[in-house]
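A.B. asks: Okay, here's the structure, questions in a sec.
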Amino acid sequence: MTVGAPEGRPMEGCAVTASDDTWSVAGRTFRSRLIIGTGKYKDYQQNADALKASGAEIVTVAVRRVNLSNPNEPMLVDFIDPKKVTYLPNTAGCYTGEEAMRTLRLAREAGGWNLVKLEVLGDRKTLYPDMIETLRATEILSRDGFDVMVYCSDDPLMAMRCENAGAVAIMPLAAPIGSGLGIQNPVNIRLIIEQSKVPVLVDAGVGTASDASIAMELGCAGVLMNTAIAEAKDPVLMASAMKHAVIAGREAYRAGRMAKKLYADPSSPLAGLI
């Protein structure tokens, strides 16, 4: 990315190629701005095929739900190589800070993973984040040497508190987890992006390719999704669609959209008409 360009856009007269347009979190740099999950797929092979089609370089791994160590059952690591793809352990299914912290400490012991995704859920109906517990766990885990990417509400004040607590990335929901409703509050997402000094990635609620593009057009560093791909009729094809949607949305953001106008503006100049 060109140094000095506002909000990730290239400076005038300076071209930025797709390969140069990287993003970084906790000292790690990535080309793909799409992160996908490893749950709800028919099997690990379909998950691996979707990953390949998506071009993603990071996969989230629900430590409490995915087999990482039992050789008597199919193992995720046999299909998605952690030496080639960055594993992002997460705390899906945790409803207290203690549960979440214990889960991530086990993940670090098992695989040496320090870059993690923290989510502490408030209730089973909405799966909305419990921000009090989330903030407490973020602060403790950050002091404990973890690089914590934090799933949070789309409240700019809470997002700022997560960053102040040590989060290396802010991950506001677009809509409730698994809902597929798309971005419900683009104004707040934009406010979070403007105030944050760490990457902001939309997490949860994306349903289709246009949702991913909208997130990127708002200026997000990336988009994380699981259900939108895994529960599509053709998950591998949807993974490919999401790859292109994220690229298109990012390029549109860098290009800078035209101003919205109340009235029509002719496409061809009126001056010099015969």
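Every chain in the structure tokens takes a letter, A first, then B, and so on in the order presented; its residues are numbered from 1, and the ligands are numbered from 1 following the presented order.
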Which of range 115-257 of chain A counts as strand (DSSP E) under DSSP, as a PyMOL selection string please?
C.D. replies: chain A and resi 115-118+147-152+169-172+201-203+222-225
A.B. asks: Using N, CA, C and O atoms, can you export the residues from the last selection as a compact mmCIF listing (two decimals), in the first residue's frame?
C.D. replies:
# COMPACT_ATOMS: atom_id res chain seq x y z
N LEU A 115 -1.85 -15.60 18.03
CA LEU A 115 -2.85 -14.78 17.34
C LEU A 115 -4.19 -15.50 17.45
O LEU A 115 -4.34 -16.62 16.95
N VAL A 116 -5.15 -14.89 18.13
CA VAL A 116 -6.40 -15.57 18.45
C VAL A 116 -7.59 -14.64 18.22
O VAL A 116 -7.44 -13.41 18.19
N LYS A 117 -8.75 -15.26 18.09
CA LYS A 117 -10.00 -14.49 18.01
C LYS A 117 -10.80 -14.74 19.28
O LYS A 117 -11.11 -15.89 19.61
N LEU A 118 -11.14 -13.67 19.96
CA LEU A 118 -11.91 -13.76 21.18
C LEU A 118 -13.37 -13.42 20.91
O LEU A 118 -13.68 -12.38 20.33
N ASP A 147 -2.10 -12.06 21.06
CA ASP A 147 -2.52 -11.04 20.11
C ASP A 147 -4.00 -11.28 19.84
O ASP A 147 -4.36 -12.24 19.14
N VAL A 148 -4.85 -10.43 20.40
CA VAL A 148 -6.28 -10.72 20.45
C VAL A 148 -7.06 -9.92 19.41
O VAL A 148 -7.10 -8.69 19.45
N MET A 149 -7.68 -10.64 18.48
CA MET A 149 -8.64 -10.06 17.56
C MET A 149 -10.01 -10.25 18.19
O MET A 149 -10.39 -11.37 18.54
N VAL A 150 -10.78 -9.16 18.35
CA VAL A 150 -11.95 -9.19 19.23
C VAL A 150 -13.26 -9.03 18.46
O VAL A 150 -13.49 -8.01 17.79
N TYR A 151 -14.12 -10.05 18.59
CA TYR A 151 -15.50 -9.96 18.10
C TYR A 151 -16.27 -9.07 19.06
O TYR A 151 -16.28 -9.29 20.27
N CYS A 152 -16.92 -8.04 18.51
CA CYS A 152 -17.59 -7.07 19.38
C CYS A 152 -18.86 -6.55 18.74
O CYS A 152 -19.16 -6.81 17.57
N ALA A 169 -7.00 -6.20 16.66
CA ALA A 169 -7.97 -5.99 15.58
C ALA A 169 -9.35 -5.92 16.18
O ALA A 169 -9.65 -6.61 17.16
N ILE A 170 -10.20 -5.09 15.60
CA ILE A 170 -11.58 -4.92 16.05
C ILE A 170 -12.48 -5.60 15.02
O ILE A 170 -12.35 -5.35 13.82
N MET A 171 -13.42 -6.43 15.50
CA MET A 171 -14.25 -7.22 14.59
C MET A 171 -15.73 -7.04 14.92
O MET A 171 -16.36 -7.92 15.53
N PRO A 172 -16.31 -5.91 14.54
CA PRO A 172 -17.73 -5.68 14.84
C PRO A 172 -18.62 -6.57 13.98
O PRO A 172 -18.30 -6.87 12.83
N LEU A 201 -12.35 -5.47 10.91
CA LEU A 201 -12.87 -6.48 10.00
C LEU A 201 -14.32 -6.79 10.39
O LEU A 201 -14.61 -7.03 11.56
N VAL A 202 -15.21 -6.77 9.42
CA VAL A 202 -16.59 -7.16 9.71
C VAL A 202 -16.62 -8.66 9.99
O VAL A 202 -16.03 -9.46 9.26
N ASP A 203 -17.30 -9.04 11.06
CA ASP A 203 -17.36 -10.42 11.49
C ASP A 203 -18.79 -10.76 11.88
O ASP A 203 -19.34 -10.16 12.79
N GLY A 222 -10.85 -6.15 6.18
CA GLY A 222 -11.20 -7.48 5.72
C GLY A 222 -12.57 -7.89 6.19
O GLY A 222 -13.28 -7.14 6.87
N VAL A 223 -12.95 -9.11 5.82
CA VAL A 223 -14.25 -9.66 6.18
C VAL A 223 -14.05 -11.11 6.63
O VAL A 223 -13.32 -11.87 5.99
N LEU A 224 -14.71 -11.47 7.72
CA LEU A 224 -14.67 -12.85 8.21
C LEU A 224 -16.06 -13.45 8.06
O LEU A 224 -17.06 -12.81 8.39
N MET A 225 -16.11 -14.68 7.56
CA MET A 225 -17.41 -15.34 7.40
C MET A 225 -17.26 -16.84 7.49
O MET A 225 -16.20 -17.40 7.22
A.B. asks: Between CA of Leu218 in chain A and CA of Glu231 in chain A, what is the distance, to one decimal in Å?
C.D. replies: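 Going from CA of Leu218 in chain A over to CA of Glu231 in chain A covers 25.5 Å.
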A.B. asks: So, counting only C-alpha atoms, which residue among A:Thr134, A:Ser54, A:Thr103, A:Thr60 is closest to His244 in chain A?
C.D. replies: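 Of all the options, A:Ser54 lies closest to His244 in chain A.
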A.B. asks: Show me, as a PDB file with N, CA and C atoms, in the first residue's frame, the residues that have an atom within 6 Å of range 205-212 of chain A when counting only C-alpha atoms, minus same-chain residues fewer than 6 positions from it.
C.D. replies:
ATOM      1  N   ALA A 174     -21.727  -7.528  11.624  1.00  0.00           N
ATOM      2  CA  ALA A 174     -22.587  -6.879  10.632  1.00  0.00           C
ATOM      3  C   ALA A 174     -24.040  -7.089  11.012  1.00  0.00           C
ATOM      4  N   ALA A 175     -24.304  -8.295  11.560  1.00  0.00           N
ATOM      5  CA  ALA A 175     -25.621  -8.719  12.010  1.00  0.00           C
ATOM      6  C   ALA A 175     -25.382  -9.941  12.890  1.00  0.00           C
ATOM      7  N   PRO A 176     -26.416 -10.457  13.560  1.00  0.00           N
ATOM      8  CA  PRO A 176     -26.192 -11.626  14.420  1.00  0.00           C
ATOM      9  C   PRO A 176     -25.511 -12.790  13.685  1.00  0.00           C
ATOM     10  N   ILE A 177     -24.703 -13.546  14.422  1.00  0.00           N
ATOM     11  CA  ILE A 177     -23.960 -14.675  13.866  1.00  0.00           C
ATOM     12  C   ILE A 177     -24.896 -15.630  13.131  1.00  0.00           C
ATOM     13  N   GLY A 178     -24.531 -15.980  11.902  1.00  0.00           N
ATOM     14  CA  GLY A 178     -25.273 -16.964  11.139  1.00  0.00           C
ATOM     15  C   GLY A 178     -26.592 -16.480  10.573  1.00  0.00           C
ATOM     16  N   SER A 179     -26.904 -15.187  10.717  1.00  0.00           N
ATOM     17  CA  SER A 179     -28.205 -14.673  10.267  1.00  0.00           C
ATOM     18  C   SER A 179     -28.243 -14.400   8.767  1.00  0.00           C
ATOM     19  N   GLY A 180     -27.117 -14.042   8.174  1.00  0.00           N
ATOM     20  CA  GLY A 180     -27.081 -13.714   6.755  1.00  0.00           C
ATOM     21  C   GLY A 180     -27.799 -12.429   6.397  1.00  0.00           C
ATOM     22  N   LEU A 181     -28.012 -11.562   7.375  1.00  0.00           N
ATOM     23  CA  LEU A 181     -28.777 -10.335   7.146  1.00  0.00           C
ATOM     24  C   LEU A 181     -27.960  -9.228   6.499  1.00  0.00           C
ATOM     25  N   GLY A 182     -26.648  -9.364   6.463  1.00  0.00           N
ATOM     26  CA  GLY A 182     -25.813  -8.308   5.910  1.00  0.00           C
ATOM     27  C   GLY A 182     -25.601  -7.173   6.891  1.00  0.00           C
ATOM     28  N   ALA A 228     -22.091 -18.087   5.633  1.00  0.00           N
ATOM     29  CA  ALA A 228     -22.415 -17.627   4.280  1.00  0.00           C
ATOM     30  C   ALA A 228     -21.839 -18.545   3.206  1.00  0.00           C
ATOM     31  N   MET A 242     -17.189 -14.927  -2.963  1.00  0.00           N
ATOM     32  CA  MET A 242     -16.755 -14.057  -1.870  1.00  0.00           C
ATOM     33  C   MET A 242     -15.353 -13.516  -2.110  1.00  0.00           C
ATOM     34  N   ALA A 245     -15.812 -10.741  -4.528  1.00  0.00           N
ATOM     35  CA  ALA A 245     -16.559  -9.637  -3.922  1.00  0.00           C
ATOM     36  C   ALA A 245     -15.662  -8.786  -3.035  1.00  0.00           C
ATOM     37  N   VAL A 246     -14.814  -9.435  -2.259  1.00  0.00           N
ATOM     38  CA  VAL A 246     -13.897  -8.700  -1.381  1.00  0.00           C
ATOM     39  C   VAL A 246     -12.907  -7.893  -2.207  1.00  0.00           C
TER      40      VAL A 246
END
A.B. asks: What's the separation between CA of Asp144 in chain A and CA of Asn114 in chain A, in Å to one decimal place?
C.D. replies: 9.8 Å
A.B. asks: Give me, as a list in words, all polymer residues having an atom no more than 10 Å from Tyr95 in chain A, counting only C-alpha atoms and skipping those fewer than 2 positions away in the same chain.
C.D. replies: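 Residues meeting the cut-off are Thr91, Ala92, Gly93, Gly97, Glu98, Glu99, Ala100, Glu119, Val120, Leu121, Gly122, Asp123, Arg124, Leu127, Pro129, Asp130, Glu133 and Thr134 of chain A.
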A.B. asks: Grab the residues selected above and save them as a PDB file, in the first residue's frame with N, CA, C and O atoms.
C.D. replies:
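For reference, result.pdb as written:
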ATOM      1  N   THR A  91     -13.002 -18.667  20.234  1.00  0.00           N
ATOM      2  CA  THR A  91     -13.657 -19.156  21.443  1.00  0.00           C
ATOM      3  C   THR A  91     -15.159 -19.312  21.235  1.00  0.00           C
ATOM      4  O   THR A  91     -15.953 -19.025  22.124  1.00  0.00           O
ATOM      5  N   ALA A  92     -15.547 -19.764  20.039  1.00  0.00           N
ATOM      6  CA  ALA A  92     -16.963 -19.990  19.753  1.00  0.00           C
ATOM      7  C   ALA A  92     -17.568 -20.901  20.808  1.00  0.00           C
ATOM      8  O   ALA A  92     -16.985 -21.904  21.196  1.00  0.00           O
ATOM      9  N   GLY A  93     -18.745 -20.523  21.282  1.00  0.00           N
ATOM     10  CA  GLY A  93     -19.429 -21.326  22.286  1.00  0.00           C
ATOM     11  C   GLY A  93     -19.085 -20.977  23.714  1.00  0.00           C
ATOM     12  O   GLY A  93     -19.577 -21.625  24.640  1.00  0.00           O
ATOM     13  N   GLY A  97     -15.864 -15.020  30.424  1.00  0.00           N
ATOM     14  CA  GLY A  97     -14.468 -14.713  30.172  1.00  0.00           C
ATOM     15  C   GLY A  97     -13.555 -15.854  30.563  1.00  0.00           C
ATOM     16  O   GLY A  97     -12.567 -16.135  29.879  1.00  0.00           O
ATOM     17  N   GLU A  98     -13.869 -16.533  31.663  1.00  0.00           N
ATOM     18  CA  GLU A  98     -13.031 -17.646  32.122  1.00  0.00           C
ATOM     19  C   GLU A  98     -13.000 -18.774  31.108  1.00  0.00           C
ATOM     20  O   GLU A  98     -11.942 -19.335  30.814  1.00  0.00           O
ATOM     21  N   GLU A  99     -14.165 -19.119  30.563  1.00  0.00           N
ATOM     22  CA  GLU A  99     -14.231 -20.158  29.530  1.00  0.00           C
ATOM     23  C   GLU A  99     -13.357 -19.793  28.340  1.00  0.00           C
ATOM     24  O   GLU A  99     -12.602 -20.615  27.824  1.00  0.00           O
ATOM     25  N   ALA A 100     -13.497 -18.558  27.891  1.00  0.00           N
ATOM     26  CA  ALA A 100     -12.772 -18.107  26.718  1.00  0.00           C
ATOM     27  C   ALA A 100     -11.261 -18.111  26.960  1.00  0.00           C
ATOM     28  O   ALA A 100     -10.480 -18.576  26.122  1.00  0.00           O
ATOM     29  N   GLU A 119     -14.253 -14.326  21.299  1.00  0.00           N
ATOM     30  CA  GLU A 119     -15.672 -13.990  21.330  1.00  0.00           C
ATOM     31  C   GLU A 119     -16.268 -14.559  22.614  1.00  0.00           C
ATOM     32  O   GLU A 119     -16.076 -15.731  22.936  1.00  0.00           O
ATOM     33  N   VAL A 120     -16.925 -13.700  23.353  1.00  0.00           N
ATOM     34  CA  VAL A 120     -17.628 -14.111  24.570  1.00  0.00           C
ATOM     35  C   VAL A 120     -19.098 -13.763  24.349  1.00  0.00           C
ATOM     36  O   VAL A 120     -19.448 -12.586  24.237  1.00  0.00           O
ATOM     37  N   LEU A 121     -19.938 -14.780  24.260  1.00  0.00           N
ATOM     38  CA  LEU A 121     -21.330 -14.582  23.885  1.00  0.00           C
ATOM     39  C   LEU A 121     -22.199 -14.292  25.102  1.00  0.00           C
ATOM     40  O   LEU A 121     -21.942 -14.788  26.204  1.00  0.00           O
ATOM     41  N   GLY A 122     -23.253 -13.509  24.863  1.00  0.00           N
ATOM     42  CA  GLY A 122     -24.121 -13.112  25.958  1.00  0.00           C
ATOM     43  C   GLY A 122     -25.286 -14.049  26.201  1.00  0.00           C
ATOM     44  O   GLY A 122     -25.702 -14.264  27.334  1.00  0.00           O
ATOM     45  N   ASP A 123     -25.858 -14.602  25.122  1.00  0.00           N
ATOM     46  CA  ASP A 123     -26.981 -15.526  25.268  1.00  0.00           C
ATOM     47  C   ASP A 123     -27.073 -16.409  24.029  1.00  0.00           C
ATOM     48  O   ASP A 123     -26.515 -16.095  22.980  1.00  0.00           O
ATOM     49  N   ARG A 124     -27.787 -17.508  24.151  1.00  0.00           N
ATOM     50  CA  ARG A 124     -27.834 -18.497  23.078  1.00  0.00           C
ATOM     51  C   ARG A 124     -28.803 -18.130  21.961  1.00  0.00           C
ATOM     52  O   ARG A 124     -28.720 -18.693  20.860  1.00  0.00           O
ATOM     53  N   LEU A 127     -26.713 -14.737  20.260  1.00  0.00           N
ATOM     54  CA  LEU A 127     -25.253 -14.892  20.137  1.00  0.00           C
ATOM     55  C   LEU A 127     -24.558 -13.532  20.079  1.00  0.00           C
ATOM     56  O   LEU A 127     -23.494 -13.392  19.477  1.00  0.00           O
ATOM     57  N   PRO A 129     -22.419 -10.418  21.474  1.00  0.00           N
ATOM     58  CA  PRO A 129     -21.277 -10.418  22.395  1.00  0.00           C
ATOM     59  C   PRO A 129     -21.598  -9.783  23.746  1.00  0.00           C
ATOM     60  O   PRO A 129     -22.274  -8.752  23.810  1.00  0.00           O
ATOM     61  N   ASP A 130     -21.125 -10.429  24.784  1.00  0.00           N
ATOM     62  CA  ASP A 130     -21.182  -9.855  26.128  1.00  0.00           C
ATOM     63  C   ASP A 130     -19.971  -8.944  26.247  1.00  0.00           C
ATOM     64  O   ASP A 130     -18.850  -9.394  26.477  1.00  0.00           O
ATOM     65  N   GLU A 133     -17.743  -8.899  29.645  1.00  0.00           N
ATOM     66  CA  GLU A 133     -16.836 -10.031  29.732  1.00  0.00           C
ATOM     67  C   GLU A 133     -15.759  -9.973  28.647  1.00  0.00           C
ATOM     68  O   GLU A 133     -14.600 -10.337  28.870  1.00  0.00           O
ATOM     69  N   THR A 134     -16.140  -9.510  27.464  1.00  0.00           N
ATOM     70  CA  THR A 134     -15.188  -9.414  26.355  1.00  0.00           C
ATOM     71  C   THR A 134     -14.052  -8.459  26.690  1.00  0.00           C
ATOM     72  O   THR A 134     -12.874  -8.753  26.469  1.00  0.00           O
TER      73      THR A 134
END
A.B. asks: For the structure I just gave you, how does DSSP split range 48-247 of chain A - specifically, which residues are helix (DSSP H, G or I)? Reply as a PyMOL selection string.
C.D. replies: chain A and resi 48-54+76-78+97-111+131-143+156-164+186-195+209-217+227-230+235-247
A.B. asks: When you draw a straight line from CA of Ile36 in chain A to CA of Pro82 in chain A, how long is it in Å?
C.D. replies: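 Interatomic distance, CA of Ile36 in chain A to CA of Pro82 in chain A: 14.1 Å.
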A.B. asks: Can you pull out the residues contacting Phe146 in chain A? Cut-off 10 Å, using only C-alpha atoms, and skip same-chain residues under 3 positions away; I want them as an mmCIF file with all heavy atoms, in the first residue's frame.
C.D. replies:
data_model
loop_
_atom_site.group_PDB
_atom_site.id
_atom_site.type_symbol
_atom_site.label_atom_id
_atom_site.label_comp_id
_atom_site.auth_asym_id
_atom_site.auth_seq_id
_atom_site.Cartn_x
_atom_site.Cartn_y
_atom_site.Cartn_z
ATOM 1 N N ALA A 26 -0.806 -7.550 14.033
ATOM 2 C CA ALA A 26 0.162 -8.069 15.011
ATOM 3 C C ALA A 26 1.454 -8.516 14.334
ATOM 4 O O ALA A 26 2.020 -9.568 14.656
ATOM 5 C CB ALA A 26 -0.452 -9.235 15.789
ATOM 6 N N LEU A 104 -8.359 -20.482 25.019
ATOM 7 C CA LEU A 104 -7.239 -19.939 24.249
ATOM 8 C C LEU A 104 -5.894 -20.354 24.834
ATOM 9 O O LEU A 104 -4.927 -20.555 24.096
ATOM 10 C CB LEU A 104 -7.351 -18.421 24.166
ATOM 11 C CG LEU A 104 -8.546 -17.922 23.334
ATOM 12 C CD1 LEU A 104 -8.611 -16.406 23.344
ATOM 13 C CD2 LEU A 104 -8.475 -18.443 21.904
ATOM 14 N N ARG A 105 -5.831 -20.505 26.132
ATOM 15 C CA ARG A 105 -4.583 -20.994 26.734
ATOM 16 C C ARG A 105 -4.327 -22.442 26.340
ATOM 17 O O ARG A 105 -3.180 -22.834 26.093
ATOM 18 C CB ARG A 105 -4.636 -20.822 28.248
ATOM 19 C CG ARG A 105 -4.456 -19.359 28.672
ATOM 20 C CD ARG A 105 -4.771 -19.105 30.115
ATOM 21 N NE ARG A 105 -4.574 -17.693 30.461
ATOM 22 C CZ ARG A 105 -5.289 -17.031 31.355
ATOM 23 N NH1 ARG A 105 -6.265 -17.654 32.010
ATOM 24 N NH2 ARG A 105 -5.041 -15.761 31.607
ATOM 25 N N ARG A 108 -2.984 -22.353 22.825
ATOM 26 C CA ARG A 108 -1.568 -21.985 22.781
ATOM 27 C C ARG A 108 -0.688 -23.163 23.176
ATOM 28 O O ARG A 108 0.368 -23.398 22.571
ATOM 29 C CB ARG A 108 -1.298 -20.781 23.689
ATOM 30 C CG ARG A 108 0.149 -20.306 23.626
ATOM 31 C CD ARG A 108 0.327 -18.906 24.172
ATOM 32 N NE ARG A 108 0.002 -18.814 25.594
ATOM 33 C CZ ARG A 108 0.093 -17.667 26.283
ATOM 34 N NH1 ARG A 108 0.488 -16.548 25.681
ATOM 35 N NH2 ARG A 108 -0.205 -17.653 27.571
ATOM 36 N N TRP A 113 -0.273 -21.213 19.258
ATOM 37 C CA TRP A 113 -0.935 -20.076 18.629
ATOM 38 C C TRP A 113 -1.094 -18.911 19.599
ATOM 39 O O TRP A 113 -1.708 -19.039 20.654
ATOM 40 C CB TRP A 113 -2.308 -20.508 18.110
ATOM 41 C CG TRP A 113 -2.223 -21.497 16.993
ATOM 42 C CD1 TRP A 113 -1.627 -21.317 15.775
ATOM 43 C CD2 TRP A 113 -2.742 -22.835 16.985
ATOM 44 N NE1 TRP A 113 -1.745 -22.456 15.006
ATOM 45 C CE2 TRP A 113 -2.421 -23.398 15.718
ATOM 46 C CE3 TRP A 113 -3.444 -23.605 17.905
ATOM 47 C CZ2 TRP A 113 -2.784 -24.699 15.367
ATOM 48 C CZ3 TRP A 113 -3.809 -24.894 17.558
ATOM 49 C CH2 TRP A 113 -3.478 -25.430 16.305
ATOM 50 N N ASN A 114 -0.576 -17.754 19.211
ATOM 51 C CA ASN A 114 -0.730 -16.525 19.994
ATOM 52 C C ASN A 114 -1.739 -15.566 19.371
ATOM 53 O O ASN A 114 -2.361 -14.785 20.081
ATOM 54 C CB ASN A 114 0.608 -15.804 20.151
ATOM 55 C CG ASN A 114 1.494 -16.447 21.190
ATOM 56 O OD1 ASN A 114 1.007 -16.993 22.171
ATOM 57 N ND2 ASN A 114 2.793 -16.409 20.969
ATOM 58 N N LEU A 115 -1.849 -15.601 18.025
ATOM 59 C CA LEU A 115 -2.849 -14.779 17.340
ATOM 60 C C LEU A 115 -4.186 -15.505 17.451
ATOM 61 O O LEU A 115 -4.344 -16.624 16.950
ATOM 62 C CB LEU A 115 -2.480 -14.569 15.872
ATOM 63 C CG LEU A 115 -3.447 -13.696 15.053
ATOM 64 C CD1 LEU A 115 -3.478 -12.264 15.588
ATOM 65 C CD2 LEU A 115 -3.068 -13.711 13.577
ATOM 66 N N VAL A 116 -5.150 -14.887 18.130
ATOM 67 C CA VAL A 116 -6.400 -15.573 18.448
ATOM 68 C C VAL A 116 -7.585 -14.637 18.224
ATOM 69 O O VAL A 116 -7.443 -13.415 18.193
ATOM 70 C CB VAL A 116 -6.410 -16.076 19.905
ATOM 71 C CG1 VAL A 116 -5.328 -17.124 20.120
ATOM 72 C CG2 VAL A 116 -6.238 -14.914 20.895
ATOM 73 N N LYS A 117 -8.755 -15.262 18.086
ATOM 74 C CA LYS A 117 -10.000 -14.493 18.007
ATOM 75 C C LYS A 117 -10.799 -14.740 19.276
ATOM 76 O O LYS A 117 -11.109 -15.891 19.610
ATOM 77 C CB LYS A 117 -10.816 -14.892 16.789
ATOM 78 C CG LYS A 117 -12.165 -14.163 16.718
ATOM 79 C CD LYS A 117 -13.071 -14.773 15.687
ATOM 80 C CE LYS A 117 -14.502 -14.255 15.878
ATOM 81 N NZ LYS A 117 -15.469 -14.947 15.002
ATOM 82 N N THR A 138 -10.183 -9.491 27.113
ATOM 83 C CA THR A 138 -9.216 -8.874 26.200
ATOM 84 C C THR A 138 -8.020 -8.317 26.966
ATOM 85 O O THR A 138 -6.861 -8.530 26.596
ATOM 86 C CB THR A 138 -9.881 -7.738 25.396
ATOM 87 O OG1 THR A 138 -10.946 -8.275 24.613
ATOM 88 C CG2 THR A 138 -8.877 -7.065 24.466
ATOM 89 N N GLU A 139 -8.301 -7.612 28.034
ATOM 90 C CA GLU A 139 -7.232 -7.008 28.830
ATOM 91 C C GLU A 139 -6.329 -8.073 29.454
ATOM 92 O O GLU A 139 -5.095 -7.971 29.400
ATOM 93 C CB GLU A 139 -7.842 -6.118 29.914
ATOM 94 C CG GLU A 139 -6.818 -5.286 30.662
ATOM 95 C CD GLU A 139 -7.465 -4.246 31.553
ATOM 96 O OE1 GLU A 139 -8.713 -4.241 31.686
ATOM 97 O OE2 GLU A 139 -6.711 -3.436 32.128
ATOM 98 N N ILE A 140 -6.919 -9.109 30.011
ATOM 99 C CA ILE A 140 -6.132 -10.162 30.657
ATOM 100 C C ILE A 140 -5.308 -10.940 29.642
ATOM 101 O O ILE A 140 -4.115 -11.198 29.841
ATOM 102 C CB ILE A 140 -7.061 -11.103 31.455
ATOM 103 C CG1 ILE A 140 -7.698 -10.351 32.630
ATOM 104 C CG2 ILE A 140 -6.285 -12.320 31.971
ATOM 105 C CD1 ILE A 140 -8.795 -11.132 33.331
ATOM 106 N N LEU A 141 -5.925 -11.319 28.524
ATOM 107 C CA LEU A 141 -5.214 -12.089 27.498
ATOM 108 C C LEU A 141 -4.084 -11.278 26.865
ATOM 109 O O LEU A 141 -3.012 -11.810 26.572
ATOM 110 C CB LEU A 141 -6.194 -12.557 26.422
ATOM 111 C CG LEU A 141 -7.165 -13.665 26.844
ATOM 112 C CD1 LEU A 141 -8.291 -13.801 25.815
ATOM 113 C CD2 LEU A 141 -6.437 -14.991 27.023
ATOM 114 N N SER A 142 -4.321 -9.989 26.663
ATOM 115 C CA SER A 142 -3.277 -9.127 26.091
ATOM 116 C C SER A 142 -2.073 -9.048 27.016
ATOM 117 O O SER A 142 -0.924 -9.112 26.569
ATOM 118 C CB SER A 142 -3.836 -7.726 25.819
ATOM 119 O OG SER A 142 -4.872 -7.770 24.863
ATOM 120 N N ARG A 143 -2.320 -8.944 28.315
ATOM 121 C CA ARG A 143 -1.221 -8.932 29.284
ATOM 122 C C ARG A 143 -0.501 -10.278 29.327
ATOM 123 O O ARG A 143 0.689 -10.344 29.644
ATOM 124 C CB ARG A 143 -1.750 -8.589 30.681
ATOM 125 C CG ARG A 143 -2.184 -7.151 30.869
ATOM 126 C CD ARG A 143 -2.178 -6.771 32.355
ATOM 127 N NE ARG A 143 -2.960 -7.698 33.164
ATOM 128 C CZ ARG A 143 -4.212 -7.478 33.561
ATOM 129 N NH1 ARG A 143 -4.838 -6.369 33.203
ATOM 130 N NH2 ARG A 143 -4.846 -8.370 34.310
ATOM 131 N N MET A 149 -7.682 -10.642 18.483
ATOM 132 C CA MET A 149 -8.640 -10.056 17.558
ATOM 133 C C MET A 149 -10.013 -10.248 18.195
ATOM 134 O O MET A 149 -10.388 -11.365 18.542
ATOM 135 C CB MET A 149 -8.547 -10.742 16.199
ATOM 136 C CG MET A 149 -7.162 -10.630 15.574
ATOM 137 S SD MET A 149 -6.952 -11.577 14.037
ATOM 138 C CE MET A 149 -8.029 -10.681 12.905
ATOM 139 N N GLY A 166 -6.227 -3.510 24.517
ATOM 140 C CA GLY A 166 -5.119 -4.249 23.933
ATOM 141 C C GLY A 166 -5.427 -5.034 22.684
ATOM 142 O O GLY A 166 -4.557 -5.751 22.167
ATOM 143 N N ALA A 167 -6.642 -4.944 22.141
ATOM 144 C CA ALA A 167 -7.001 -5.690 20.941
ATOM 145 C C ALA A 167 -6.113 -5.287 19.767
ATOM 146 O O ALA A 167 -5.831 -4.105 19.569
ATOM 147 C CB ALA A 167 -8.464 -5.447 20.585
ATOM 148 N N VAL A 168 -5.679 -6.275 18.981
ATOM 149 C CA VAL A 168 -4.866 -5.994 17.797
ATOM 150 C C VAL A 168 -5.730 -5.843 16.556
ATOM 151 O O VAL A 168 -5.252 -5.424 15.501
ATOM 152 C CB VAL A 168 -3.806 -7.090 17.567
ATOM 153 C CG1 VAL A 168 -2.855 -7.185 18.749
ATOM 154 C CG2 VAL A 168 -4.457 -8.456 17.284
#
A.B. asks: Which residue is closest to Ile192 in chain A? Choose from A:Ala159, A:Ala53, A:Ala137, A:Ala110 and count only C-alpha atoms.
C.D. replies: A:Ala159
A.B. asks: Name the closest residue to Glu109 in chain A among the candidates A:Pro156, A:Pro89, A:Glu194, A:Thr22; distances are taken between atoms, counting only C-alpha atoms.
C.D. replies: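 Ranked by minimum distance to Glu109 in chain A, first place goes to A:Pro89.
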A.B. asks: With only C-alpha atoms as the atoms that count, which of A:Lys42, A:Arg161, A:Lys83, A:Lys52 lies nearest to Gly111 in chain A?
C.D. replies: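 Selected residue with least distance to Gly111 in chain A: A:Lys83.
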